[in-house]
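Engineer: One file is attached below, coords-v3.cif, containing mmCIF, C-alpha atoms and all ligand atoms.
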data_final
loop_
_atom_site.label_atom_id
_atom_site.label_comp_id
_atom_site.auth_asym_id
_atom_site.auth_seq_id
_atom_site.Cartn_x
_atom_site.Cartn_y
_atom_site.Cartn_z
CA MET A 5 -31.21 -8.70 -18.29
CA THR A 6 -28.42 -7.12 -16.23
CA THR A 7 -24.87 -7.61 -17.46
CA VAL A 8 -22.33 -7.55 -14.64
CA LEU A 9 -18.55 -7.45 -15.04
CA LEU A 10 -16.81 -8.75 -11.93
CA LEU A 11 -13.11 -7.99 -11.39
CA GLY A 12 -10.78 -10.35 -9.54
CA SER A 13 -9.81 -13.99 -9.35
CA GLY A 14 -10.10 -15.21 -5.75
CA GLY A 15 -12.52 -16.89 -3.40
CA ARG A 16 -14.26 -13.60 -2.66
CA GLU A 17 -14.96 -13.15 -6.36
CA HIS A 18 -16.27 -16.70 -6.81
CA ALA A 19 -18.58 -16.12 -3.82
CA LEU A 20 -19.69 -12.77 -5.26
CA GLY A 21 -20.27 -14.40 -8.64
CA ARG A 22 -22.42 -17.14 -7.10
CA ALA A 23 -24.51 -14.53 -5.29
CA LEU A 24 -24.83 -12.40 -8.43
CA VAL A 25 -26.06 -15.23 -10.67
CA ALA A 26 -28.57 -16.36 -8.04
CA ASP A 27 -30.62 -13.67 -9.82
CA PRO A 28 -31.55 -15.33 -13.13
CA SER A 29 -31.66 -11.97 -14.90
CA VAL A 30 -27.89 -11.52 -14.35
CA GLN A 31 -25.43 -12.33 -17.09
CA LEU A 32 -21.96 -12.58 -15.56
CA HIS A 33 -18.56 -11.72 -17.02
CA ALA A 34 -15.34 -11.88 -14.98
CA ALA A 35 -11.80 -10.59 -15.50
CA PRO A 36 -9.68 -12.54 -15.07
CA GLY A 37 -11.93 -14.85 -13.00
CA ASN A 38 -11.03 -18.41 -12.00
CA PRO A 39 -12.15 -21.99 -12.75
CA GLY A 40 -15.10 -21.65 -10.36
CA LEU A 41 -16.33 -18.50 -12.11
CA ALA A 42 -15.82 -20.21 -15.48
CA GLY A 43 -18.78 -22.42 -14.60
CA ILE A 44 -21.16 -19.49 -14.08
CA GLY A 45 -19.89 -16.72 -16.34
CA THR A 46 -17.66 -15.73 -19.24
CA LEU A 47 -13.99 -15.13 -18.41
CA HIS A 48 -11.79 -12.46 -20.00
CA ALA A 49 -7.99 -12.38 -19.80
CA VAL A 50 -7.87 -8.69 -18.89
CA ASP A 51 -5.78 -7.08 -16.15
CA PRO A 52 -8.30 -5.93 -13.52
CA SER A 53 -5.94 -3.17 -12.34
CA ASP A 54 -5.62 -1.54 -15.78
CA PRO A 55 -8.30 1.20 -15.86
CA ALA A 56 -8.32 1.64 -19.66
CA ALA A 57 -8.45 -2.12 -20.30
CA VAL A 58 -11.32 -2.56 -17.83
CA VAL A 59 -13.34 0.28 -19.38
CA ALA A 60 -12.79 -1.18 -22.86
CA LEU A 61 -13.93 -4.61 -21.67
CA ALA A 62 -16.97 -3.18 -19.87
CA ARG A 63 -18.00 -1.42 -23.10
CA ARG A 64 -17.35 -4.51 -25.21
CA VAL A 65 -19.58 -6.78 -23.08
CA GLY A 66 -22.17 -4.03 -22.56
CA ALA A 67 -21.81 -4.05 -18.77
CA ASP A 68 -24.58 -2.36 -16.79
CA LEU A 69 -22.54 -2.72 -13.62
CA VAL A 70 -18.87 -3.31 -12.81
CA VAL A 71 -18.16 -4.91 -9.42
CA VAL A 72 -14.59 -4.56 -8.19
CA GLY A 73 -13.51 -7.43 -5.93
CA PRO A 74 -9.95 -6.75 -4.71
CA GLU A 75 -8.33 -3.59 -3.35
CA ALA A 76 -5.51 -3.21 -5.90
CA PRO A 77 -7.76 -2.07 -8.82
CA LEU A 78 -9.53 0.36 -6.49
CA VAL A 79 -6.30 1.96 -5.34
CA ALA A 80 -5.27 2.09 -9.04
CA GLY A 81 -8.36 4.15 -9.91
CA VAL A 82 -10.35 1.55 -11.83
CA ALA A 83 -13.68 2.56 -10.25
CA ASP A 84 -13.03 6.22 -11.17
CA ALA A 85 -12.36 5.28 -14.79
CA VAL A 86 -15.48 3.10 -15.05
CA ARG A 87 -17.71 5.83 -13.60
CA GLU A 88 -16.15 8.45 -15.88
CA ALA A 89 -17.11 6.18 -18.78
CA GLY A 90 -20.73 6.46 -17.61
CA ILE A 91 -20.99 2.87 -16.34
CA ASP A 92 -22.28 2.05 -12.84
CA CYS A 93 -19.52 0.75 -10.60
CA PHE A 94 -19.57 -0.89 -7.19
CA GLY A 95 -16.32 0.15 -5.51
CA PRO A 96 -14.82 3.34 -4.11
CA SER A 97 -12.76 5.96 -5.92
CA ALA A 98 -8.97 5.82 -5.58
CA ALA A 99 -9.18 8.73 -3.13
CA ALA A 100 -11.71 6.92 -0.91
CA ALA A 101 -9.80 3.61 -1.24
CA GLU A 102 -6.99 5.25 0.77
CA LEU A 103 -8.98 4.11 3.81
CA GLU A 104 -7.38 0.74 3.09
CA GLY A 105 -4.43 1.88 0.97
CA SER A 106 -2.85 3.81 3.83
CA LYS A 107 -3.20 2.91 7.49
CA ALA A 108 -2.01 6.42 8.39
CA PHE A 109 -4.82 7.97 6.29
CA ALA A 110 -7.39 5.66 7.91
CA LYS A 111 -6.20 6.72 11.38
CA ASP A 112 -6.48 10.38 10.39
CA VAL A 113 -10.06 9.92 9.15
CA MET A 114 -11.01 8.03 12.32
CA ARG A 115 -9.49 10.73 14.50
CA ALA A 116 -11.41 13.46 12.65
CA ALA A 117 -14.66 11.46 12.74
CA GLY A 118 -14.37 10.48 16.42
CA VAL A 119 -14.36 6.77 15.56
CA PRO A 120 -13.05 4.57 18.41
CA THR A 121 -9.77 2.88 17.46
CA ALA A 122 -6.39 2.01 18.97
CA SER A 123 -4.26 5.07 19.61
CA ALA A 124 -1.36 5.06 17.19
CA ARG A 125 1.75 6.81 15.92
CA VAL A 126 3.00 7.01 12.36
CA CYS A 127 6.75 6.31 12.32
CA ALA A 128 9.15 6.84 9.41
CA THR A 129 12.52 6.10 11.09
CA PRO A 130 13.86 3.35 13.38
CA GLY A 131 14.30 5.95 16.12
CA GLU A 132 10.65 7.01 15.95
CA ALA A 133 9.59 3.35 15.86
CA ALA A 134 11.66 2.50 18.94
CA ALA A 135 10.18 5.43 20.84
CA ALA A 136 6.62 4.41 19.92
CA LEU A 137 7.22 0.77 20.91
CA ASP A 138 8.42 1.89 24.32
CA ALA A 139 5.54 4.32 24.73
CA TYR A 140 2.89 1.62 24.17
CA GLY A 141 4.78 -1.36 25.64
CA PRO A 142 4.20 -5.05 24.81
CA PRO A 143 2.50 -6.77 23.11
CA TYR A 144 3.74 -4.68 20.20
CA VAL A 145 1.60 -3.94 17.12
CA VAL A 146 3.51 -2.80 14.01
CA LYS A 147 1.69 -2.23 10.71
CA ASN A 148 3.14 -1.60 7.27
CA ASP A 149 1.54 1.67 6.10
CA GLY A 150 0.75 0.40 2.59
CA LEU A 151 -1.18 -2.53 1.08
CA ALA A 152 0.21 -5.88 2.21
CA ALA A 153 -2.53 -8.47 1.46
CA GLY A 154 -3.26 -8.95 5.16
CA LYS A 155 0.33 -9.85 5.92
CA GLY A 156 1.85 -6.48 6.79
CA VAL A 157 0.97 -6.61 10.48
CA VAL A 158 3.17 -8.05 13.21
CA VAL A 159 1.79 -8.51 16.72
CA THR A 160 4.52 -9.77 19.04
CA PRO A 161 5.85 -9.60 22.61
CA ASP A 162 9.37 -9.51 21.12
CA ARG A 163 10.66 -5.93 20.90
CA ALA A 164 13.53 -6.84 18.54
CA ALA A 165 11.11 -8.56 16.12
CA ALA A 166 8.77 -5.56 16.25
CA LEU A 167 11.63 -3.18 15.51
CA ALA A 168 12.94 -5.40 12.70
CA HIS A 169 9.49 -5.35 11.03
CA ALA A 170 9.37 -1.55 11.32
CA GLU A 171 12.81 -1.24 9.74
CA ALA A 172 11.90 -3.65 6.93
CA CYS A 173 8.73 -1.71 6.08
CA GLY A 174 9.97 1.88 6.26
CA LYS A 175 6.81 3.84 7.07
CA VAL A 176 4.76 2.05 9.74
CA VAL A 177 1.89 2.63 12.13
CA ILE A 178 2.66 1.49 15.68
CA GLU A 179 -0.30 1.24 17.97
CA GLU A 180 -1.77 0.22 21.27
CA PHE A 181 -2.65 -3.51 21.58
CA LEU A 182 -6.39 -4.25 21.55
CA ASP A 183 -7.64 -7.30 23.43
CA GLY A 184 -10.99 -9.04 23.08
CA PRO A 185 -12.67 -11.03 20.31
CA GLU A 186 -12.47 -9.73 16.75
CA LEU A 187 -15.25 -9.49 14.23
CA SER A 188 -15.76 -8.19 10.71
CA LEU A 189 -18.73 -6.05 9.77
CA PHE A 190 -19.34 -5.20 6.11
CA ALA A 191 -21.43 -2.19 5.14
CA ILE A 192 -22.66 -1.59 1.60
CA CYS A 193 -22.40 2.17 1.08
CA ASP A 194 -23.51 4.68 -1.55
CA GLY A 195 -21.67 7.71 -0.21
CA VAL A 196 -24.49 8.69 2.15
CA THR A 197 -26.44 5.61 3.21
CA ALA A 198 -24.95 2.40 4.60
CA VAL A 199 -26.57 -1.05 4.84
CA PRO A 200 -24.86 -3.58 7.15
CA LEU A 201 -24.44 -7.26 6.28
CA LEU A 202 -24.34 -9.95 8.98
CA PRO A 203 -21.29 -9.77 11.26
CA ALA A 204 -18.72 -12.53 10.79
CA GLN A 205 -15.60 -13.77 12.50
CA ASP A 206 -12.38 -14.50 10.61
CA PHE A 207 -9.52 -16.79 11.71
CA LYS A 208 -6.40 -14.82 10.82
CA ARG A 209 -3.59 -16.98 12.15
CA VAL A 210 -2.37 -19.92 10.11
CA GLY A 211 -2.57 -22.63 12.79
CA ASP A 212 -5.10 -24.22 15.14
CA GLY A 213 -5.63 -22.30 18.36
CA ASP A 214 -4.47 -19.10 16.63
CA ALA A 215 -0.87 -20.25 16.41
CA GLY A 216 1.65 -19.01 13.85
CA PRO A 217 1.78 -15.97 11.57
CA ASN A 218 -1.09 -13.85 10.29
CA THR A 219 -2.63 -14.81 6.94
CA GLY A 220 -5.33 -13.32 4.73
CA GLY A 221 -7.78 -15.50 6.72
CA MET A 222 -8.02 -19.29 7.17
CA GLY A 223 -11.78 -19.53 7.67
CA ALA A 224 -14.83 -17.68 8.92
CA TYR A 225 -18.36 -18.10 10.20
CA CYS A 226 -21.49 -16.02 10.55
CA PRO A 227 -23.60 -14.87 12.27
CA LEU A 228 -22.00 -14.49 15.73
CA PRO A 229 -23.97 -16.25 18.49
CA TRP A 230 -21.93 -14.38 21.11
CA ALA A 231 -22.46 -10.86 19.73
CA PRO A 232 -24.15 -8.57 22.27
CA ASP A 233 -27.59 -7.20 21.39
CA GLY A 234 -27.38 -3.97 19.46
CA LEU A 235 -23.80 -4.55 18.32
CA VAL A 236 -24.50 -3.89 14.64
CA GLU A 237 -26.46 -0.70 15.41
CA GLU A 238 -23.64 0.47 17.68
CA VAL A 239 -21.04 -0.08 14.96
CA MET A 240 -23.23 1.72 12.43
CA THR A 241 -23.67 4.80 14.62
CA GLN A 242 -20.16 4.91 16.11
CA VAL A 243 -18.06 3.76 13.17
CA ILE A 244 -19.68 3.49 9.74
CA ASP A 245 -21.95 6.55 9.65
CA PRO A 246 -19.34 9.00 11.06
CA THR A 247 -16.73 7.65 8.62
CA LEU A 248 -19.08 8.19 5.68
CA ALA A 249 -19.81 11.72 6.92
CA GLU A 250 -16.10 12.52 7.26
CA MET A 251 -15.33 11.16 3.78
CA ARG A 252 -18.12 13.34 2.35
CA ARG A 253 -16.78 16.36 4.22
CA ARG A 254 -13.38 15.77 2.60
CA GLY A 255 -14.98 15.74 -0.84
CA THR A 256 -14.24 12.02 -1.35
CA PRO A 257 -17.51 10.24 -0.53
CA PHE A 258 -17.22 6.51 0.09
CA SER A 259 -19.27 4.35 -2.24
CA GLY A 260 -18.69 0.60 -2.19
CA LEU A 261 -18.03 -1.91 0.58
CA LEU A 262 -16.67 -0.54 3.84
CA TYR A 263 -15.19 -3.37 5.89
CA ALA A 264 -14.74 -2.63 9.57
CA GLY A 265 -12.37 -5.03 11.33
CA LEU A 266 -13.31 -4.61 14.99
CA ALA A 267 -12.18 -5.70 18.44
CA LEU A 268 -14.70 -5.98 21.25
CA THR A 269 -12.47 -4.76 24.07
CA GLY A 270 -13.30 -4.37 27.74
CA ARG A 271 -13.71 -0.64 27.02
CA GLY A 272 -16.07 -1.10 24.08
CA VAL A 273 -15.81 -1.67 20.36
CA ARG A 274 -12.64 -0.44 18.59
CA VAL A 275 -11.70 -0.39 14.91
CA VAL A 276 -8.69 -2.58 14.17
CA GLU A 277 -8.65 -1.75 10.46
CA PHE A 278 -10.72 -0.59 7.53
CA ASN A 279 -10.79 -2.32 4.18
CA VAL A 280 -12.57 -0.99 1.12
CA ARG A 281 -13.75 -4.29 -0.36
CA PHE A 282 -15.46 -7.47 0.75
CA GLY A 283 -13.35 -9.52 3.16
CA ASP A 284 -12.05 -12.89 2.14
CA PRO A 285 -12.96 -15.53 3.32
CA GLU A 286 -15.76 -13.92 5.42
CA THR A 287 -17.71 -13.04 2.27
CA GLN A 288 -17.97 -16.72 1.39
CA ALA A 289 -19.91 -17.33 4.62
CA VAL A 290 -21.87 -14.05 4.71
CA LEU A 291 -23.20 -14.27 1.16
CA ALA A 292 -24.17 -17.91 1.72
CA LEU A 293 -26.90 -16.57 4.03
CA LEU A 294 -28.06 -13.61 1.92
CA GLU A 295 -31.45 -14.19 0.31
CA THR A 296 -31.94 -10.79 -1.32
CA PRO A 297 -30.49 -10.85 -4.86
CA LEU A 298 -27.06 -9.23 -4.60
CA ALA A 299 -26.95 -7.58 -8.03
CA GLY A 300 -29.83 -5.22 -7.24
CA VAL A 301 -28.23 -4.20 -3.94
CA LEU A 302 -24.83 -3.47 -5.48
CA ARG A 303 -26.42 -1.59 -8.35
CA ALA A 304 -28.47 0.53 -5.94
CA ALA A 305 -25.26 1.35 -4.06
CA ALA A 306 -23.47 2.28 -7.29
CA ARG A 307 -26.36 4.61 -8.23
CA GLY A 308 -26.74 6.28 -4.82
CA GLU A 309 -30.14 4.65 -4.28
CA LEU A 310 -29.63 2.57 -1.13
CA ALA A 311 -32.05 4.64 0.95
CA GLY A 312 -34.93 3.38 -1.20
CA LEU A 313 -34.01 -0.29 -0.84
CA PRO A 314 -36.20 -2.64 1.28
CA PRO A 315 -34.36 -4.32 4.20
CA LEU A 316 -32.08 -7.22 3.25
CA ARG A 317 -33.48 -10.71 3.78
CA TRP A 318 -31.34 -13.41 5.37
CA ARG A 319 -31.69 -17.17 5.72
CA ASP A 320 -31.99 -18.52 9.24
CA GLY A 321 -29.08 -20.57 10.48
CA ALA A 322 -25.34 -20.27 10.11
CA ALA A 323 -22.59 -20.60 7.53
CA VAL A 324 -18.97 -21.70 7.98
CA VAL A 325 -16.14 -21.52 5.47
CA VAL A 326 -12.93 -23.50 5.95
CA VAL A 327 -9.96 -22.48 3.83
CA GLU A 328 -7.81 -25.20 2.29
CA ALA A 329 -4.38 -23.65 1.68
CA ALA A 330 -1.32 -24.97 -0.14
CA ARG A 331 1.58 -26.13 2.03
CA GLY A 332 3.98 -23.26 2.63
CA TYR A 333 1.30 -20.58 2.95
CA PRO A 334 1.52 -17.77 4.17
CA GLY A 335 5.11 -18.09 2.99
CA THR A 336 5.74 -19.41 -0.54
CA PRO A 337 3.01 -21.96 -1.29
CA VAL A 338 3.61 -25.20 -3.17
CA GLY A 339 2.00 -24.66 -6.58
CA GLY A 340 0.63 -27.01 -9.20
CA GLY A 341 -0.76 -29.75 -6.92
CA ASN A 342 -3.68 -31.77 -8.29
CA ILE A 343 -7.14 -31.17 -6.84
CA GLU A 344 -10.23 -33.38 -7.06
CA LEU A 345 -13.50 -32.04 -5.69
CA PRO A 346 -16.71 -33.66 -4.49
CA ALA A 347 -19.94 -32.44 -6.13
CA ASP A 348 -21.47 -29.30 -4.61
CA THR A 349 -24.78 -29.66 -2.77
CA ASP A 350 -27.13 -26.95 -1.53
CA ARG A 351 -25.72 -27.44 1.99
CA ALA A 352 -22.00 -27.61 1.25
CA TRP A 353 -19.95 -26.44 -1.70
CA THR A 354 -16.48 -25.46 -2.89
CA VAL A 355 -15.39 -21.92 -3.60
CA HIS A 356 -12.35 -21.58 -5.85
CA ALA A 357 -9.76 -19.21 -4.40
CA GLY A 358 -6.39 -20.11 -5.94
CA THR A 359 -6.98 -22.71 -8.63
CA ALA A 360 -6.22 -23.03 -12.34
CA THR A 361 -6.99 -25.56 -15.04
CA ILE A 362 -4.01 -26.94 -16.92
CA ASP A 363 -4.70 -29.50 -19.68
CA GLY A 364 -8.13 -30.10 -18.21
CA ARG A 365 -6.74 -30.80 -14.72
CA LEU A 366 -7.62 -28.64 -11.73
CA VAL A 367 -4.45 -27.54 -9.91
CA ALA A 368 -3.43 -25.18 -7.11
CA SER A 369 -2.19 -21.77 -8.18
CA GLY A 370 -2.22 -19.71 -4.99
CA GLY A 371 -1.76 -19.72 -1.24
CA ARG A 372 -5.40 -20.03 -0.25
CA VAL A 373 -6.64 -22.57 -2.77
CA LEU A 374 -10.22 -23.48 -1.81
CA GLY A 375 -12.98 -22.35 0.52
CA ILE A 376 -15.33 -25.07 1.69
CA VAL A 377 -18.68 -23.62 2.74
CA GLY A 378 -21.19 -25.44 4.96
CA LEU A 379 -24.69 -24.25 5.79
CA GLY A 380 -26.66 -25.40 8.82
CA GLU A 381 -29.41 -24.62 11.25
CA ASP A 382 -26.74 -23.58 13.72
CA LEU A 383 -22.99 -23.10 13.81
CA GLU A 384 -22.30 -26.66 14.92
CA GLN A 385 -24.25 -28.15 12.00
CA ALA A 386 -22.74 -25.73 9.47
CA ARG A 387 -19.26 -26.54 10.75
CA GLY A 388 -19.91 -30.28 10.58
CA ARG A 389 -21.11 -30.01 6.99
CA ALA A 390 -18.13 -27.88 5.92
CA TYR A 391 -15.59 -30.32 7.42
CA ASP A 392 -17.49 -33.33 6.09
CA HIS A 393 -17.39 -31.87 2.58
CA LEU A 394 -13.71 -31.01 3.03
CA SER A 395 -12.91 -34.61 4.00
CA ARG A 396 -13.97 -35.58 0.47
CA VAL A 397 -11.65 -33.05 -1.21
CA ASN A 398 -8.54 -34.72 -2.62
CA PHE A 399 -5.67 -32.22 -2.51
CA PRO A 400 -2.48 -33.86 -1.17
CA ASP A 401 -0.56 -30.55 -1.10
CA GLY A 402 -3.18 -28.83 1.06
CA PHE A 403 -3.71 -28.11 4.74
CA HIS A 404 -6.40 -26.43 6.83
CA ARG A 405 -7.22 -25.43 10.38
CA THR A 406 -9.42 -27.89 12.26
CA ASP A 407 -11.01 -25.33 14.60
CA ILE A 408 -12.81 -23.00 12.18
CA GLY A 409 -16.28 -22.12 13.39
CA ILE A 410 -15.46 -22.44 17.08
CA PRO A 411 -15.85 -18.87 18.36
CA HIS A 412 -12.56 -17.35 19.52
P1 LIG A 501 -4.92 -5.60 10.18
O1 LIG A 501 -4.24 -5.87 8.86
O2 LIG A 501 -4.81 -4.21 10.65
O3 LIG A 501 -6.28 -6.18 10.23
O4 LIG A 501 -4.22 -6.54 11.24
C1 LIG A 501 -4.21 -7.94 11.09
C2 LIG A 501 -4.47 -8.61 12.41
O5 LIG A 501 -3.49 -8.20 13.37
C3 LIG A 501 -5.79 -8.22 13.04
O6 LIG A 501 -6.85 -8.98 12.57
C4 LIG A 501 -5.52 -8.50 14.49
O7 LIG A 501 -5.64 -9.87 14.77
C5 LIG A 501 -4.09 -8.09 14.64
N1 LIG A 501 -4.08 -6.68 15.10
C6 LIG A 501 -4.03 -5.58 14.33
N2 LIG A 501 -4.05 -4.45 15.09
C7 LIG A 501 -4.11 -4.86 16.37
C8 LIG A 501 -4.14 -4.19 17.64
N3 LIG A 501 -4.09 -2.86 17.73
N4 LIG A 501 -4.21 -4.95 18.75
C9 LIG A 501 -4.25 -6.30 18.66
N5 LIG A 501 -4.20 -6.99 17.52
C10 LIG A 501 -4.13 -6.30 16.38
N1 LIG A 502 -10.19 -11.75 5.85
C1 LIG A 502 -9.55 -10.50 6.01
C2 LIG A 502 -9.54 -9.64 4.83
O1 LIG A 502 -10.22 -9.87 3.85
O2 LIG A 502 -8.82 -8.66 4.85
#
Spell out the structure here as structure tokens.
Structural biologist:
Amino acid sequence: MTTVLLLGSGGREHALGRALVADPSVQLHAAPGNPGLAGIGTLHAVDPSDPAAVVALARRVGADLVVVGPEAPLVAGVADAVREAGIDCFGPSAAAAELEGSKAFAKDVMRAAGVPTASARVCATPGEAAAALDAYGPPYVVKNDGLAAGKGVVVTPDRAAALAHAEACGKVVIEEFLDGPELSLFAICDGVTAVPLLPAQDFKRVGDGDAGPNTGGMGAYCPLPWAPDGLVEEVMTQVIDPTLAEMRRRGTPFSGLLYAGLALTGRGVRVVEFNVRFGDPETQAVLALLETPLAGVLRAAARGELAGLPPLRWRDGAAVVVVEAARGYPGTPVGGGNIELPADTDRAWTVHAGTATIDGRLVASGGRVLGIVGLGEDLEQARGRAYDHLSRVNFPDGFHRTDIGIPH
């Protein structure tokens, strides 16, 4: 028996939970979890960003492994506290989580490691921001330096809007615009060794055809039929391995999930951003195709034993996840709307992302409310199954993109 404590409450965590309990020897606990996780594990009303509370809970349930889902607990030092308590933890230290916690830090690591990325300037005043905008020219890319749940980035041809975002944020990173398709590659890392998962593509803008503001992600699919041969190997040698080496050199080795957000530009692959946790919703599609039991892989990473692991096994075919969001998202979403779900099948199922149960009723409690996953022999079939399943979801307050799974 392996007892796993999973931290977080979103769609990523429900997808992680499903993949963890696919191994019948896993007993799952989640804090705080969500109604989807309630069906496969025991929930605990504990703040996942409170290091002392998490350690106490891990001891109480006898956790062999703590898996940290979101970035906030990592930046708050939860993984450090769990490891200091002598419990295996999947997730980087607070120092290593700065790769996501500060865009300026990530740029500095990439520069030192020779990782290809957009050239950028860190700006702390409106004057510096204006000078950087004029140096790079339109379209303008302005990023809040700190954590912003995927919503701190403005990409716009409008100089006044770019400058206004910089002034609203304070410290920003302003950078060169990268063109070309984007993809997400996740690497499971143990400080030294990295194992890539299948590459996925996220749909970041809220509307069909990539219209409207950026969101945390409105859907995803994997694998990528258009990816050039050798892409994953190239990203491992040019991006992931040098980043791990640089983090070791700094005395803050990276153990956990390193998420490389990449653009395939005309001049080669470039890093758009690093995250230090599984991406959401991409994880919902990627883990749908993973055959190797996840718990053993994450535990090997936590223990520094990835080099001894056999290669990961994947199902053939493709997976698509379509996000059903609450009206208003990515602004203030309408909360409390009733949700009725069709039964899951082994080809299409619902992931809970922002739901709650009130008096036995399932209701919306977040911006991204559900992820509908479809599996198929190819992208077209997976996409058809996801949208077919979604057509049977009853959630009057919801909306979704209709073009998820069409490569862009
Ligand atoms: P980030 O939070 O850094 O991933 O940025 C969110 C989204 O903004 C990315 O997924 C891209 O679509 C877009 N973006 C960020 N940086 C750039 C860039 N340098 N050039 C073009 N688009 C970008
Ligand atoms: N889907 C993008 C992210 O998880 O940051």
Engineer: Out of A:Arg396, A:Lys107, A:Arg319, A:His48, which residue has the shortest atom-to-atom distance to A:Val65 when counting only C-alpha atoms?
Structural biologist: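 So, comparing all the options, the nearest one is A:His48.
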Engineer: Put a box with edges along x, y and z around all the listed atoms of stretch 73-80 of chain A, pad it by 3 Å on each side, then give me its centre and sizes in Å, one decimal, as lines of an AutoDock Vina configuration file.
Structural biologist:
center_x = -9.4
center_y = -2.7
center_z = -6.2
size_x = 14.2
size_y = 15.5
size_z = 11.7
Engineer: Compute the distance from (-9.8, 2.0, 20.3) to each atom, counting all atoms listed in the file, keep the residues with any atom at most 10 Å away, and return them as a list in words; use the coordinates of the file.
Structural biologist: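 Collected hits near the coordinates: Val119, Pro120, Thr121, Ala122, Ser123, Ala124, Glu179, Glu180, Phe181, Leu182, Leu266, Ala267, Leu268, Thr269, Arg271, Gly272, Val273, Arg274, Val275 and Val276 of chain A.
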Engineer: Counting all atoms listed in the file, which of A:Gly223, A:Pro28, A:Gly339, A:Pro161 gets nearest to ligand LIG 502 (chain A)?
Structural biologist: A:Gly223
Engineer: Nearest to A:Val25: which of A:Gly234, A:Gly300, A:Pro96, A:Pro74 is it, counting only C-alpha atoms?
Structural biologist: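 Under the stated criterion, the closest residue is A:Gly300.
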Engineer: Could you please fill out stretch 25-29 of chain A with all heavy atoms and send it back as an mmCIF file, keeping the file's coordinate frame?
Structural biologist:
data_model
loop_
_atom_site.group_PDB
_atom_site.id
_atom_site.type_symbol
_atom_site.label_atom_id
_atom_site.label_comp_id
_atom_site.auth_asym_id
_atom_site.auth_seq_id
_atom_site.Cartn_x
_atom_site.Cartn_y
_atom_site.Cartn_z
ATOM 1 N N VAL A 25 -25.279 -14.448 -9.713
ATOM 2 C CA VAL A 25 -26.060 -15.230 -10.670
ATOM 3 C C VAL A 25 -27.238 -15.952 -10.015
ATOM 4 O O VAL A 25 -28.041 -16.578 -10.713
ATOM 5 C CB VAL A 25 -25.206 -16.247 -11.472
ATOM 6 C CG1 VAL A 25 -24.117 -15.537 -12.251
ATOM 7 C CG2 VAL A 25 -24.628 -17.325 -10.561
ATOM 8 N N ALA A 26 -27.363 -15.833 -8.685
ATOM 9 C CA ALA A 26 -28.570 -16.360 -8.040
ATOM 10 C C ALA A 26 -29.788 -15.625 -8.595
ATOM 11 O O ALA A 26 -30.915 -16.132 -8.533
ATOM 12 C CB ALA A 26 -28.482 -16.182 -6.526
ATOM 13 N N ASP A 27 -29.567 -14.428 -9.131
ATOM 14 C CA ASP A 27 -30.620 -13.670 -9.820
ATOM 15 C C ASP A 27 -30.579 -14.088 -11.292
ATOM 16 O O ASP A 27 -29.610 -13.795 -11.992
ATOM 17 C CB ASP A 27 -30.312 -12.177 -9.648
ATOM 18 C CG ASP A 27 -31.302 -11.294 -10.382
ATOM 19 O OD1 ASP A 27 -32.030 -11.805 -11.252
ATOM 20 O OD2 ASP A 27 -31.309 -10.084 -10.073
ATOM 21 N N PRO A 28 -31.621 -14.780 -11.765
ATOM 22 C CA PRO A 28 -31.550 -15.330 -13.130
ATOM 23 C C PRO A 28 -31.469 -14.264 -14.219
ATOM 24 O O PRO A 28 -31.118 -14.569 -15.365
ATOM 25 C CB PRO A 28 -32.854 -16.139 -13.258
ATOM 26 C CG PRO A 28 -33.725 -15.716 -12.131
ATOM 27 C CD PRO A 28 -32.854 -15.137 -11.064
ATOM 28 N N SER A 29 -31.752 -13.013 -13.871
ATOM 29 C CA SER A 29 -31.660 -11.970 -14.900
ATOM 30 C C SER A 29 -30.219 -11.443 -15.046
ATOM 31 O O SER A 29 -29.967 -10.557 -15.858
ATOM 32 C CB SER A 29 -32.604 -10.810 -14.570
ATOM 33 O OG SER A 29 -32.097 -10.073 -13.494
#
